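Trainee: Mind having a look at this structure? Questions to follow.
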Amino acid sequence: MISRLSFLLVAIAFVVTAAAQTTFKKYDIKSGIVTFDITMQMGTMEMKEKAVVYFDDYGMKECKETYSDDQLASSFFSDGKNLYTVKYKEKAAYDRGPAYRGTELRVEWSEFGTPKDRESGKIKKLPAMEVAGKTCEVFESDDGKGTVARYAGWKKILLYMDVQTKSIKTTTKALKVEENVKIPPEKFKVPAGFTLQK
């Protein structure tokens, strides 16, 4: 009787521990690299830049590198526990506090707005679109004050975002998607020799 009870308690403890260790999967694939083209238009002025997003552990570790004139300018990354911003010109890094999950938006219908927003049409689904060779789900958000945003995602990974305000339009579009590739661990670390500030 005692041995059965002990076995039952051990089994329950194992199940509870396993459940606690279950990792949330932000994305549907383990790792990837997405290269983006970003265009900002304000009147007749247009600015362009490049960004590359690396992710691992289903998006819990994530790093977005931003380039200016083909030079790496900054990165924003999560090591799975904390968020950091790195400025390469200044050789400085900043601790931004605990990470909830990666750095980028997760494209999942249930996470856009509130149930009321989705029911009213403030947030709505649009027909699928192809981005970088991937068929994406598309959602649109209209705040009713002049800002309309469209988001397209594949396997919950953001591949397209278009935000239009009364004066500025910003479009972020994936040019290339690499699936389940090995990501260098250095992408989720403060570079050696950089000053870390809180």
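We label chains A, B, ... in the order they appear in the structure tokens, count residues from 1 in each chain, and number ligands from 1 in the order shown.
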Report as JSON lines the residues of range 26-53 of chain A within 10 Å of range 150-171 of chain A, each with its shortest atom pair and distance in Å (one decimal), using only C-alpha atoms, ordered by chain and increasing residue number.

Mentor:
```
{"residue": "A:Lys26", "atom": "CA", "partner": "A:Lys156", "partner_atom": "CA", "distance": 7.4}
{"residue": "A:Tyr27", "atom": "CA", "partner": "A:Lys156", "partner_atom": "CA", "distance": 5.3}
{"residue": "A:Asp28", "atom": "CA", "partner": "A:Lys155", "partner_atom": "CA", "distance": 5.2}
{"residue": "A:Ile29", "atom": "CA", "partner": "A:Lys155", "partner_atom": "CA", "distance": 7.2}
{"residue": "A:Gly32", "atom": "CA", "partner": "A:Ile157", "partner_atom": "CA", "distance": 9.7}
{"residue": "A:Val34", "atom": "CA", "partner": "A:Leu159", "partner_atom": "CA", "distance": 7.9}
{"residue": "A:Thr35", "atom": "CA", "partner": "A:Leu159", "partner_atom": "CA", "distance": 9.1}
{"residue": "A:Phe36", "atom": "CA", "partner": "A:Leu159", "partner_atom": "CA", "distance": 8.0}
{"residue": "A:Asp37", "atom": "CA", "partner": "A:Thr171", "partner_atom": "CA", "distance": 8.1}
{"residue": "A:Ile38", "atom": "CA", "partner": "A:Thr171", "partner_atom": "CA", "distance": 5.7}
{"residue": "A:Thr39", "atom": "CA", "partner": "A:Thr171", "partner_atom": "CA", "distance": 5.2}
{"residue": "A:Met40", "atom": "CA", "partner": "A:Thr170", "partner_atom": "CA", "distance": 4.4}
{"residue": "A:Gln41", "atom": "CA", "partner": "A:Lys169", "partner_atom": "CA", "distance": 5.2}
{"residue": "A:Met42", "atom": "CA", "partner": "A:Ile168", "partner_atom": "CA", "distance": 4.8}
{"residue": "A:Gly43", "atom": "CA", "partner": "A:Ser167", "partner_atom": "CA", "distance": 7.0}
{"residue": "A:Met45", "atom": "CA", "partner": "A:Ile168", "partner_atom": "CA", "distance": 9.9}
{"residue": "A:Glu46", "atom": "CA", "partner": "A:Lys169", "partner_atom": "CA", "distance": 9.6}
{"residue": "A:Met47", "atom": "CA", "partner": "A:Thr170", "partner_atom": "CA", "distance": 9.5}
{"residue": "A:Lys48", "atom": "CA", "partner": "A:Thr171", "partner_atom": "CA", "distance": 9.7}
```

Trainee: Check the DSSP output for the backbone and give back, as a PyMOL selection string, the residues of range 89-136 of chain A in alpha helix (DSSP H).

Mentor: chain A and resi 115-120

Trainee: Once you have the residues from the selection above, write them out as a PDB file, in the first residue's frame, restricted to N, CA and C atoms.

Mentor:
```pdb
ATOM      1  N   PRO A 115     -11.549  40.465 -27.956  1.00  0.00           N
ATOM      2  CA  PRO A 115     -12.659  39.791 -28.655  1.00  0.00           C
ATOM      3  C   PRO A 115     -13.672  40.798 -29.211  1.00  0.00           C
ATOM      4  N   LYS A 116     -13.883  41.890 -28.461  1.00  0.00           N
ATOM      5  CA  LYS A 116     -14.823  42.931 -28.914  1.00  0.00           C
ATOM      6  C   LYS A 116     -14.318  43.605 -30.195  1.00  0.00           C
ATOM      7  N   ASP A 117     -12.986  43.865 -30.247  1.00  0.00           N
ATOM      8  CA  ASP A 117     -12.392  44.469 -31.449  1.00  0.00           C
ATOM      9  C   ASP A 117     -12.588  43.571 -32.658  1.00  0.00           C
ATOM     10  N   ARG A 118     -12.408  42.266 -32.458  1.00  0.00           N
ATOM     11  CA  ARG A 118     -12.534  41.317 -33.566  1.00  0.00           C
ATOM     12  C   ARG A 118     -13.985  41.170 -34.004  1.00  0.00           C
ATOM     13  N   GLU A 119     -14.896  41.192 -33.044  1.00  0.00           N
ATOM     14  CA  GLU A 119     -16.324  41.072 -33.374  1.00  0.00           C
ATOM     15  C   GLU A 119     -16.843  42.313 -34.096  1.00  0.00           C
ATOM     16  N   SER A 120     -16.348  43.483 -33.722  1.00  0.00           N
ATOM     17  CA  SER A 120     -16.834  44.741 -34.308  1.00  0.00           C
ATOM     18  C   SER A 120     -16.245  45.024 -35.689  1.00  0.00           C
TER      19      SER A 120
END
```
